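A quick write-up on the structure given underneath.
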Amino acid sequence: MTERNAIILAAGKGTRMKSKLYKVLHQVCGKSMVEHVLEQLQQAKIENIVTVVGFGAETVKEALGDRTHFALQKQQLGTGHAVMQTEDLLHDSTGETIIVSGDTPLLTAATFRKLCEYHEQRHSAATILTSNAPDPTGYGRIVRNDVGIVERIVEQKDATKEERAIHEINTGVYCFDNQKLFAALKLINNNNAQGEYYLTDVIGILKHEGEIVTAYRDDDFNETMGVNDRIALARANELMRQRINTKLMSEGVSMIDPDHTYIDAGVKVGRDTVIEGGVVIKGQTVIGSDCLIGAHSRITDSVIHDDVKVISSTLEEAEMHTGSNIGPNSHLRPQAEIGKNVHIGNFCEIKKAYIGDGTKVGHLTYIGDATLGTNINVGCGVVFVNYDGAKKHHTNVGDHAFIGSNSNLVAPVNIAADSFIAAGSTITDDTDRFDMAIARSRQTNKKDYAKKLPW
Ligand code: UD1
Ligand code: CA
């Protein structure tokens, strides 16, 4: 099989984004644009990938790691100049080289494969991936001759009025014969409206040398869109979201309002789970089957097992086991692990704590740095007092304990199994099994005193 290389162009600053973040690192459904491109190339089995970095080189390198080689373009003198920087790494290859921009996040592996096949079947020196843009403004236009053969690409800023009327655009993706690419690059110049070395000029040069240049048209313009500003970024997110949601629904997930359901690429959801509107699911979250994710929940990097209900709640790096439920309006923070058939009600916050199977935490409670056993009842308004201003301390609560409402458990403290904390107690000492602990001042009733009060 022909050796296939790829070059990702990612050295530009992305001035039009008006951002301190380098353009290709802006995210589409939770993943940077350049990572989307890289992953699709990998899926298309292209092993030798070189990414051209320049602006923010170190940050881009960090984001991509060892999944690609890097070439540095010190000065951004144009897309042609960017490709020239990869010559040291690629000049020996006699195969094909795909070139793609780091700002086209919707392209798929299937399209890369089809582009290469089209290129090989026609023995081309270069094949351009083109598309028909409803509004071609800003894109390079494909100029064809009378019989429809590709002649060259003209950039928006260099185009005549007639050329600007062309709707077939250069998507910025190409498949080249590697040797012919680098030979032609030696002949480009920067005599154009932007004073840049355009990669697109290679097409006219190859054509002039009598080489075969072809165009493979992608009927789905959306897939090929390039993101240059925030408006296009929002549109790319919308399109990616549709793709993610459609896939999940086709796999058996129900969505009440898919247009307003925001799920990152890489999230997994099991069958017969129902997701209501306004839900945000981010990062590496995994959700099981038969769950209900209620409206306006926000779930990040969490694991939710089967048959779990999350009602209008926020989860971060948390885990909920089978049959448990939470909400409305509760918050699981990192390292909260909720056992099977646990009930977490409303306005509860849980951090770095394990809650054993069958335990109930109904209302207005904070649990931090704690281990709770099974079948415990935590009353309303209980506070696990874990912080002394300098250090965090741990609380243990044994199986089947009862924590009365409005109690404070001042850590470090151990509440034994089957012990009972009376409501309103501030607990600082450990309890033994079957103890009833009460720690509050006694009530005195003053006879007829109310008559003396001014009300
Ligand atoms: C480019 C194409 C245009 C095409 C469009 C598709 C050229 C001259 N024009 O225009 O025909 O329709 O893409 O989206 O190629 N980059 C570098 N170094 C540079 C300049 C750019 O690495 O010196 C990178 C950018 O980071 C970006 C990519 O190349 O990822 C494309 O550059 P951009 O400035 O966005 O080109 P367009 O104007 O969109
Ligand atoms: Ca672009």
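In the structure tokens, chains take letters A, B, ... by order of appearance, with residues numbered from 1 within each chain and ligands from 1 in the order shown.
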Per-residue nearest contacts of chain A to ligand 2 (9 Å; only C-alpha atoms and all ligand atoms) as JSON lines:
```
{"residue": "A:Gly14", "atom": "CA", "partner": "ligand 2", "partner_atom_place_in_ligand_line": "1 (Ca)", "distance": 8.4}
{"residue": "A:Ser101", "atom": "CA", "partner": "ligand 2", "partner_atom_place_in_ligand_line": "1 (Ca)", "distance": 7.0}
{"residue": "A:Gly102", "atom": "CA", "partner": "ligand 2", "partner_atom_place_in_ligand_line": "1 (Ca)", "distance": 8.4}
{"residue": "A:Asp103", "atom": "CA", "partner": "ligand 2", "partner_atom_place_in_ligand_line": "1 (Ca)", "distance": 6.1}
{"residue": "A:Thr104", "atom": "CA", "partner": "ligand 2", "partner_atom_place_in_ligand_line": "1 (Ca)", "distance": 7.6}
{"residue": "A:Gly138", "atom": "CA", "partner": "ligand 2", "partner_atom_place_in_ligand_line": "1 (Ca)", "distance": 8.6}
{"residue": "A:Tyr139", "atom": "CA", "partner": "ligand 2", "partner_atom_place_in_ligand_line": "1 (Ca)", "distance": 8.0}
{"residue": "A:Thr171", "atom": "CA", "partner": "ligand 2", "partner_atom_place_in_ligand_line": "1 (Ca)", "distance": 8.7}
{"residue": "A:Gly172", "atom": "CA", "partner": "ligand 2", "partner_atom_place_in_ligand_line": "1 (Ca)", "distance": 7.6}
{"residue": "A:Met225", "atom": "CA", "partner": "ligand 2", "partner_atom_place_in_ligand_line": "1 (Ca)", "distance": 8.6}
{"residue": "A:Gly226", "atom": "CA", "partner": "ligand 2", "partner_atom_place_in_ligand_line": "1 (Ca)", "distance": 5.0}
{"residue": "A:Val227", "atom": "CA", "partner": "ligand 2", "partner_atom_place_in_ligand_line": "1 (Ca)", "distance": 5.9}
{"residue": "A:Asn228", "atom": "CA", "partner": "ligand 2", "partner_atom_place_in_ligand_line": "1 (Ca)", "distance": 5.4}
```
Atoms kept (N, CA and C atoms) for selection, written as a short mmCIF file (atom, residue, chain, number, x, y, z; two decimals), in the first residue's frame:
```cif
data_model
loop_
_atom_site.label_atom_id
_atom_site.label_comp_id
_atom_site.auth_asym_id
_atom_site.auth_seq_id
_atom_site.Cartn_x
_atom_site.Cartn_y
_atom_site.Cartn_z
N GLY A 14 -4.65 33.10 14.43
CA GLY A 14 -6.10 33.14 14.48
C GLY A 14 -6.59 34.49 14.95
N SER A 101 -6.04 21.75 7.46
CA SER A 101 -5.86 22.82 8.44
C SER A 101 -6.32 22.34 9.81
N GLY A 102 -5.73 22.91 10.83
CA GLY A 102 -6.14 22.55 12.19
C GLY A 102 -7.46 23.17 12.59
N ASP A 103 -8.05 23.96 11.70
CA ASP A 103 -9.28 24.67 12.06
C ASP A 103 -10.50 24.13 11.31
N THR A 104 -10.44 22.87 10.88
CA THR A 104 -11.59 22.24 10.21
C THR A 104 -12.01 21.01 11.03
N GLY A 138 -14.65 34.52 1.70
CA GLY A 138 -13.50 34.21 2.56
C GLY A 138 -12.72 32.99 2.12
N TYR A 139 -13.36 32.10 1.38
CA TYR A 139 -12.69 30.87 0.94
C TYR A 139 -11.96 31.09 -0.39
N THR A 171 -11.58 23.57 0.39
CA THR A 171 -11.80 23.31 1.81
C THR A 171 -10.50 23.40 2.60
N GLY A 172 -9.38 23.50 1.87
CA GLY A 172 -8.08 23.54 2.57
C GLY A 172 -7.55 22.14 2.85
N MET A 225 -16.39 22.90 6.88
CA MET A 225 -16.28 24.31 7.26
C MET A 225 -15.01 24.61 8.06
N GLY A 226 -14.40 25.75 7.75
CA GLY A 226 -13.22 26.20 8.48
C GLY A 226 -13.65 27.24 9.52
N VAL A 227 -13.05 27.18 10.68
CA VAL A 227 -13.43 28.09 11.76
C VAL A 227 -12.41 29.22 11.86
N ASN A 228 -12.82 30.43 11.52
CA ASN A 228 -11.91 31.57 11.62
C ASN A 228 -12.33 32.57 12.69
#
```
List every residue of chain A that has an atom at most 6 Å from any atom of ligand 1, giving for each one its closest atom pair and the distance in Å to one decimal, counting only C-alpha atoms and all ligand atoms, sorted by chain and then by ascending residue number, as JSON lines.
```
{"residue": "A:Leu9", "atom": "CA", "partner": "ligand 1", "partner_atom_place_in_ligand_line": "22 (O)", "distance": 4.2}
{"residue": "A:Ala10", "atom": "CA", "partner": "ligand 1", "partner_atom_place_in_ligand_line": "26 (O)", "distance": 3.9}
{"residue": "A:Ala11", "atom": "CA", "partner": "ligand 1", "partner_atom_place_in_ligand_line": "22 (O)", "distance": 3.4}
{"residue": "A:Gly12", "atom": "CA", "partner": "ligand 1", "partner_atom_place_in_ligand_line": "26 (O)", "distance": 3.3}
{"residue": "A:Val52", "atom": "CA", "partner": "ligand 1", "partner_atom_place_in_ligand_line": "22 (O)", "distance": 5.8}
{"residue": "A:Gln76", "atom": "CA", "partner": "ligand 1", "partner_atom_place_in_ligand_line": "23 (O)", "distance": 3.3}
{"residue": "A:Leu77", "atom": "CA", "partner": "ligand 1", "partner_atom_place_in_ligand_line": "23 (O)", "distance": 4.3}
{"residue": "A:Gly78", "atom": "CA", "partner": "ligand 1", "partner_atom_place_in_ligand_line": "23 (O)", "distance": 3.3}
{"residue": "A:Thr79", "atom": "CA", "partner": "ligand 1", "partner_atom_place_in_ligand_line": "20 (C)", "distance": 4.3}
{"residue": "A:Ala82", "atom": "CA", "partner": "ligand 1", "partner_atom_place_in_ligand_line": "18 (N)", "distance": 4.7}
{"residue": "A:Ser101", "atom": "CA", "partner": "ligand 1", "partner_atom_place_in_ligand_line": "30 (O)", "distance": 4.2}
{"residue": "A:Gly102", "atom": "CA", "partner": "ligand 1", "partner_atom_place_in_ligand_line": "30 (O)", "distance": 4.3}
{"residue": "A:Asp103", "atom": "CA", "partner": "ligand 1", "partner_atom_place_in_ligand_line": "30 (O)", "distance": 4.9}
{"residue": "A:Tyr139", "atom": "CA", "partner": "ligand 1", "partner_atom_place_in_ligand_line": "12 (O)", "distance": 3.5}
{"residue": "A:Gly140", "atom": "CA", "partner": "ligand 1", "partner_atom_place_in_ligand_line": "11 (O)", "distance": 3.3}
{"residue": "A:Glu155", "atom": "CA", "partner": "ligand 1", "partner_atom_place_in_ligand_line": "11 (O)", "distance": 5.5}
{"residue": "A:Ile169", "atom": "CA", "partner": "ligand 1", "partner_atom_place_in_ligand_line": "12 (O)", "distance": 5.8}
{"residue": "A:Asn170", "atom": "CA", "partner": "ligand 1", "partner_atom_place_in_ligand_line": "12 (O)", "distance": 4.2}
{"residue": "A:Thr171", "atom": "CA", "partner": "ligand 1", "partner_atom_place_in_ligand_line": "6 (C)", "distance": 4.3}
{"residue": "A:Gly172", "atom": "CA", "partner": "ligand 1", "partner_atom_place_in_ligand_line": "6 (C)", "distance": 4.1}
{"residue": "A:Tyr198", "atom": "CA", "partner": "ligand 1", "partner_atom_place_in_ligand_line": "8 (C)", "distance": 4.1}
{"residue": "A:Leu199", "atom": "CA", "partner": "ligand 1", "partner_atom_place_in_ligand_line": "15 (O)", "distance": 5.0}
{"residue": "A:Thr200", "atom": "CA", "partner": "ligand 1", "partner_atom_place_in_ligand_line": "15 (O)", "distance": 5.2}
{"residue": "A:Gly226", "atom": "CA", "partner": "ligand 1", "partner_atom_place_in_ligand_line": "14 (O)", "distance": 4.3}
```
With N, CA, C and O atoms retained, could you export that selection as a CSV table (one decimal), in the first residue's frame?
```
chain,number,residue,atom,x,y,z
A,9,LEU,N,-1.8,22.0,9.5
A,9,LEU,CA,-1.4,23.3,9.6
A,9,LEU,C,-2.0,24.0,10.8
A,9,LEU,O,-3.2,24.2,10.9
A,10,ALA,N,-1.1,24.3,11.7
A,10,ALA,CA,-1.7,24.9,13.0
A,10,ALA,C,-0.7,25.9,13.6
A,10,ALA,O,-0.6,26.1,14.8
A,11,ALA,N,-0.1,26.7,12.7
A,11,ALA,CA,0.9,27.7,13.2
A,11,ALA,C,0.3,29.1,13.3
A,11,ALA,O,0.9,30.0,13.9
A,12,GLY,N,-0.9,29.3,12.7
A,12,GLY,CA,-1.4,30.6,12.6
A,12,GLY,C,-1.9,31.1,14.0
A,12,GLY,O,-2.2,30.3,14.9
A,52,VAL,N,2.4,21.4,11.9
A,52,VAL,CA,3.2,22.6,11.9
A,52,VAL,C,2.7,23.6,12.9
A,52,VAL,O,1.5,24.0,13.0
A,76,GLN,N,4.9,33.4,10.4
A,76,GLN,CA,3.8,32.9,9.6
A,76,GLN,C,3.7,33.6,8.3
A,76,GLN,O,3.0,34.7,8.2
A,77,LEU,N,4.4,33.0,7.3
A,77,LEU,CA,4.4,33.7,6.0
A,77,LEU,C,3.5,33.1,5.0
A,77,LEU,O,3.6,33.3,3.8
A,78,GLY,N,2.5,32.3,5.5
A,78,GLY,CA,1.5,31.7,4.6
A,78,GLY,C,1.5,30.2,4.7
A,78,GLY,O,2.4,29.5,5.2
A,79,THR,N,0.4,29.6,4.1
A,79,THR,CA,0.2,28.2,4.2
A,79,THR,C,1.2,27.4,3.4
A,79,THR,O,1.6,26.3,3.8
A,82,ALA,N,4.3,27.3,5.4
A,82,ALA,CA,4.1,26.4,6.6
A,82,ALA,C,4.4,25.0,6.1
A,82,ALA,O,5.1,24.3,6.8
A,101,SER,N,-6.0,21.7,7.5
A,101,SER,CA,-5.9,22.8,8.4
A,101,SER,C,-6.3,22.3,9.8
A,101,SER,O,-7.2,21.5,9.9
A,102,GLY,N,-5.7,22.9,10.8
A,102,GLY,CA,-6.1,22.5,12.2
A,102,GLY,C,-7.5,23.2,12.6
A,102,GLY,O,-8.0,23.0,13.7
A,103,ASP,N,-8.0,24.0,11.7
A,103,ASP,CA,-9.3,24.7,12.1
A,103,ASP,C,-10.5,24.1,11.3
A,103,ASP,O,-11.5,24.8,11.1
A,139,TYR,N,-13.4,32.1,1.4
A,139,TYR,CA,-12.7,30.9,0.9
A,139,TYR,C,-12.0,31.1,-0.4
A,139,TYR,O,-12.3,32.0,-1.2
A,140,GLY,N,-11.0,30.2,-0.7
A,140,GLY,CA,-10.4,30.2,-2.0
A,140,GLY,C,-11.4,29.5,-2.9
A,140,GLY,O,-12.1,28.6,-2.6
A,155,GLU,N,-7.5,33.0,-4.2
A,155,GLU,CA,-8.0,33.4,-2.9
A,155,GLU,C,-9.0,34.5,-3.0
A,155,GLU,O,-8.9,35.3,-4.0
A,169,ILE,N,-15.7,25.9,-3.4
A,169,ILE,CA,-14.5,26.4,-2.6
A,169,ILE,C,-13.5,25.4,-2.3
A,169,ILE,O,-13.8,24.2,-2.3
A,170,ASN,N,-12.3,25.9,-2.0
A,170,ASN,CA,-11.2,25.0,-1.5
A,170,ASN,C,-11.4,24.8,0.0
A,170,ASN,O,-11.5,25.8,0.7
A,171,THR,N,-11.6,23.6,0.4
A,171,THR,CA,-11.8,23.3,1.8
A,171,THR,C,-10.5,23.4,2.6
A,171,THR,O,-10.5,23.3,3.8
A,172,GLY,N,-9.4,23.5,1.9
A,172,GLY,CA,-8.1,23.5,2.6
A,172,GLY,C,-7.5,22.1,2.9
A,172,GLY,O,-6.6,22.0,3.6
A,198,TYR,N,1.3,31.2,-0.6
A,198,TYR,CA,0.1,30.4,-0.6
A,198,TYR,C,0.3,29.0,-1.0
A,198,TYR,O,0.9,28.7,-2.1
A,199,LEU,N,-0.1,28.1,-0.2
A,199,LEU,CA,-0.1,26.7,-0.7
A,199,LEU,C,-1.0,26.5,-1.9
A,199,LEU,O,-0.7,25.7,-2.8
A,200,THR,N,-2.0,27.2,-2.0
A,200,THR,CA,-3.0,27.1,-3.1
A,200,THR,C,-2.3,27.3,-4.5
A,200,THR,O,-2.8,26.8,-5.5
A,226,GLY,N,-14.4,25.8,7.8
A,226,GLY,CA,-13.2,26.2,8.5
A,226,GLY,C,-13.7,27.2,9.5
A,226,GLY,O,-14.5,28.1,9.3
```
> Neighbours of stretch 159-163 of chain A within 10 Å (only C-alpha atoms; same-chain residues fewer than 6 positions away dropped), as a VMD selection string?
Replying inline: chain A and resid 140 to 143 153 193
>> I need the residues of stretch 207-414 of chain A that end up classed as strand (DSSP E or B) by DSSP on the backbone, written out as number ranges by chain.
In response: A: 213-217, 254-255, 262-263, 268-269, 274-275, 280-282, 286-287, 292-293, 298-300, 303-304, 309-310, 314-316, 319-320, 325-326, 331-332, 336-338, 343-346, 349-355, 360-363, 366-372, 377-378, 383-385, 387, 392, 395-397, 402-403, 408-410, 413-414
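Separating atom CA of A:Asn325 from atom CA of A:Thr395 is a distance of 22.9 Å.
The smallest atom-to-atom distance between A:Val308 and any of A:Val410, A:Val279, A:Val253, A:Val274, using only C-alpha atoms, is found for A:Val274.
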>> Give me, as an MDAnalysis selection string, all polymer residues having an atom no more than 12 Å from A:Asp432, counting only C-alpha atoms and skipping those fewer than 6 positions away in the same chain.
In response: chainID A and resid 397:398 401 413:421
>> Just want the 10 Å neighbourhood of stretch 56-70 of chain A, counted on only C-alpha atoms, with same-chain residues fewer than 6 positions away dropped. Output as number ranges by chain.
In response: A: 6-8, 10-13, 20-25, 32, 34-35, 38-39, 42, 47-50, 85-86, 89
Residues as selected, N, CA, C and O atoms, written as a compact mmCIF listing (two decimals), in the first residue's frame, can you do that?
```txt
# COMPACT_ATOMS: atom_id res chain seq x y z
N ALA A 6 0.51 12.86 6.63
CA ALA A 6 -0.41 14.00 6.72
C ALA A 6 0.30 15.17 7.37
O ALA A 6 1.18 14.98 8.23
N ILE A 7 -0.07 16.35 6.93
CA ILE A 7 0.44 17.58 7.54
C ILE A 7 -0.77 18.36 8.06
O ILE A 7 -1.74 18.58 7.33
N ILE A 8 -0.71 18.72 9.33
CA ILE A 8 -1.77 19.57 9.90
C ILE A 8 -1.19 20.98 10.05
O ILE A 8 -0.15 21.16 10.70
N ALA A 10 -1.13 24.34 11.73
CA ALA A 10 -1.65 24.87 12.99
C ALA A 10 -0.74 25.95 13.57
O ALA A 10 -0.63 26.09 14.78
N ALA A 11 -0.09 26.70 12.69
CA ALA A 11 0.87 27.69 13.20
C ALA A 11 0.28 29.09 13.30
O ALA A 11 0.87 29.96 13.92
N GLY A 12 -0.87 29.29 12.69
CA GLY A 12 -1.44 30.64 12.63
C GLY A 12 -1.92 31.10 14.00
O GLY A 12 -2.18 30.30 14.90
N LYS A 13 -2.06 32.40 14.12
CA LYS A 13 -2.47 32.97 15.40
C LYS A 13 -3.99 32.93 15.55
O LYS A 13 -4.52 32.73 16.64
N LYS A 20 -6.92 35.12 23.55
CA LYS A 20 -5.56 34.84 24.00
C LYS A 20 -5.21 33.37 23.75
O LYS A 20 -4.05 32.99 23.77
N LEU A 21 -6.22 32.58 23.47
CA LEU A 21 -6.01 31.17 23.17
C LEU A 21 -5.73 31.02 21.66
O LEU A 21 -6.41 31.64 20.85
N TYR A 22 -4.75 30.20 21.31
CA TYR A 22 -4.44 29.99 19.89
C TYR A 22 -5.60 29.30 19.22
O TYR A 22 -6.23 28.43 19.80
N LYS A 23 -5.85 29.71 17.97
CA LYS A 23 -7.09 29.30 17.32
C LYS A 23 -7.37 27.80 17.38
O LYS A 23 -8.46 27.40 17.79
N VAL A 24 -6.40 26.99 16.98
CA VAL A 24 -6.68 25.56 16.86
C VAL A 24 -6.94 24.89 18.20
O VAL A 24 -7.36 23.74 18.25
N LEU A 25 -6.70 25.62 19.31
CA LEU A 25 -6.97 25.05 20.63
C LEU A 25 -8.37 25.38 21.13
O LEU A 25 -8.80 24.88 22.18
N SER A 32 -10.28 20.16 21.52
CA SER A 32 -9.74 21.23 20.68
C SER A 32 -9.90 20.86 19.21
O SER A 32 -9.88 19.68 18.83
N VAL A 34 -7.87 21.11 16.73
CA VAL A 34 -6.75 20.38 16.13
C VAL A 34 -6.74 18.92 16.59
O VAL A 34 -6.35 18.02 15.82
N GLU A 35 -7.22 18.65 17.80
CA GLU A 35 -7.31 17.25 18.24
C GLU A 35 -8.37 16.48 17.46
O GLU A 35 -8.20 15.30 17.17
N LEU A 38 -6.65 15.59 14.24
CA LEU A 38 -5.64 14.56 14.46
C LEU A 38 -6.28 13.19 14.67
O LEU A 38 -5.86 12.19 14.07
N GLU A 39 -7.32 13.14 15.47
CA GLU A 39 -7.96 11.84 15.76
C GLU A 39 -8.60 11.24 14.52
O GLU A 39 -8.58 10.02 14.32
N GLN A 42 -5.90 9.76 12.40
CA GLN A 42 -5.46 8.48 12.98
C GLN A 42 -6.47 7.38 12.66
O GLN A 42 -6.09 6.26 12.34
N GLU A 47 -0.43 7.15 9.63
CA GLU A 47 0.44 7.02 10.80
C GLU A 47 1.44 8.15 10.94
O GLU A 47 1.75 8.60 12.03
N ASN A 48 1.96 8.59 9.80
CA ASN A 48 3.01 9.60 9.86
C ASN A 48 2.39 10.99 9.74
O ASN A 48 2.10 11.47 8.66
N ILE A 49 2.17 11.62 10.89
CA ILE A 49 1.49 12.92 10.90
C ILE A 49 2.45 13.98 11.42
O ILE A 49 3.08 13.80 12.45
N VAL A 50 2.56 15.08 10.68
CA VAL A 50 3.41 16.19 11.10
C VAL A 50 2.51 17.40 11.32
O VAL A 50 1.72 17.76 10.45
N GLN A 85 8.10 23.92 5.89
CA GLN A 85 8.81 23.63 7.15
C GLN A 85 8.81 22.14 7.50
O GLN A 85 9.54 21.70 8.38
N THR A 86 8.01 21.37 6.78
CA THR A 86 7.95 19.93 7.07
C THR A 86 8.90 19.13 6.17
O THR A 86 8.99 17.92 6.28
N LEU A 89 11.32 16.54 7.46
CA LEU A 89 10.72 15.31 7.99
C LEU A 89 10.12 14.43 6.91
O LEU A 89 9.98 13.22 7.09
```
Shell around A:Gly356 at 7 Å using only C-alpha atoms, local window under 6 positions removed, as a PDB file with N, CA and C atoms, in the first residue's frame:
```pdb
ATOM      1  N   ILE A 338     -21.196   7.549  45.476  1.00  0.00           N
ATOM      2  CA  ILE A 338     -22.529   7.300  46.019  1.00  0.00           C
ATOM      3  C   ILE A 338     -22.873   5.831  45.764  1.00  0.00           C
ATOM      4  N   GLY A 339     -23.142   5.073  46.830  1.00  0.00           N
ATOM      5  CA  GLY A 339     -23.380   3.626  46.702  1.00  0.00           C
ATOM      6  C   GLY A 339     -24.707   3.292  46.026  1.00  0.00           C
ATOM      7  N   LEU A 372     -19.249   6.885  54.957  1.00  0.00           N
ATOM      8  CA  LEU A 372     -20.530   6.519  55.561  1.00  0.00           C
ATOM      9  C   LEU A 372     -20.845   5.075  55.174  1.00  0.00           C
ATOM     10  N   GLY A 373     -21.332   4.314  56.145  1.00  0.00           N
ATOM     11  CA  GLY A 373     -21.703   2.926  55.879  1.00  0.00           C
ATOM     12  C   GLY A 373     -23.060   2.821  55.201  1.00  0.00           C
ATOM     13  N   THR A 374     -23.696   1.651  55.385  1.00  0.00           N
ATOM     14  CA  THR A 374     -24.954   1.382  54.687  1.00  0.00           C
ATOM     15  C   THR A 374     -26.152   1.760  55.556  1.00  0.00           C
TER      16      THR A 374
END
```
> Which residues, written as an NGL selection string, have at least one atom at most 12 Å from stretch 302-307 of chain A, with only C-alpha atoms counted and residues fewer than 2 positions away on the same chain left out?
Replying inline: :A and (267-274 or 281-293 or 298-300 or 309-310 or 314-326 or 332-342)
> Using only C-alpha atoms, which residue out of A:Thr444, A:Thr371, A:Ser297, A:Asn132 lies closest to A:Ala411?
Replying inline: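 For A:Ala411, the nearest of the given residues is A:Thr371.
Interatomic distance, atom CA of A:Asp201 against atom CA of A:Arg113: 24.2 Å.
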> Which of stretch 205-370 of chain A counts as helix (DSSP H, G or I) under DSSP, as number ranges by chain please?
Replying inline: A: 205-208, 221-224, 230-250, 258-260
>> If I take atom CA of A:Arg16 and atom CA of A:Ser131, how far is one from the other in Å, to one decimal?
In response: 22.7 Å
Stretch 95-145 of chain A near stretch 237-245 of chain A within 12 Å: what's each residue's closest atom pair and its distance in Å to one decimal, counting only C-alpha atoms, ordered by chain then ascending residue number, as a Markdown table?
```
| residue | atom | partner | partner_atom | distance |
| --- | --- | --- | --- | --- |
| A:Thr104 | CA | A:Met240 | CA | 11.5 |
| A:Pro105 | CA | A:Met240 | CA | 8.6 |
| A:Leu106 | CA | A:Met240 | CA | 6.8 |
| A:Leu107 | CA | A:Met240 | CA | 10.2 |
| A:Thr108 | CA | A:Met240 | CA | 11.2 |
```
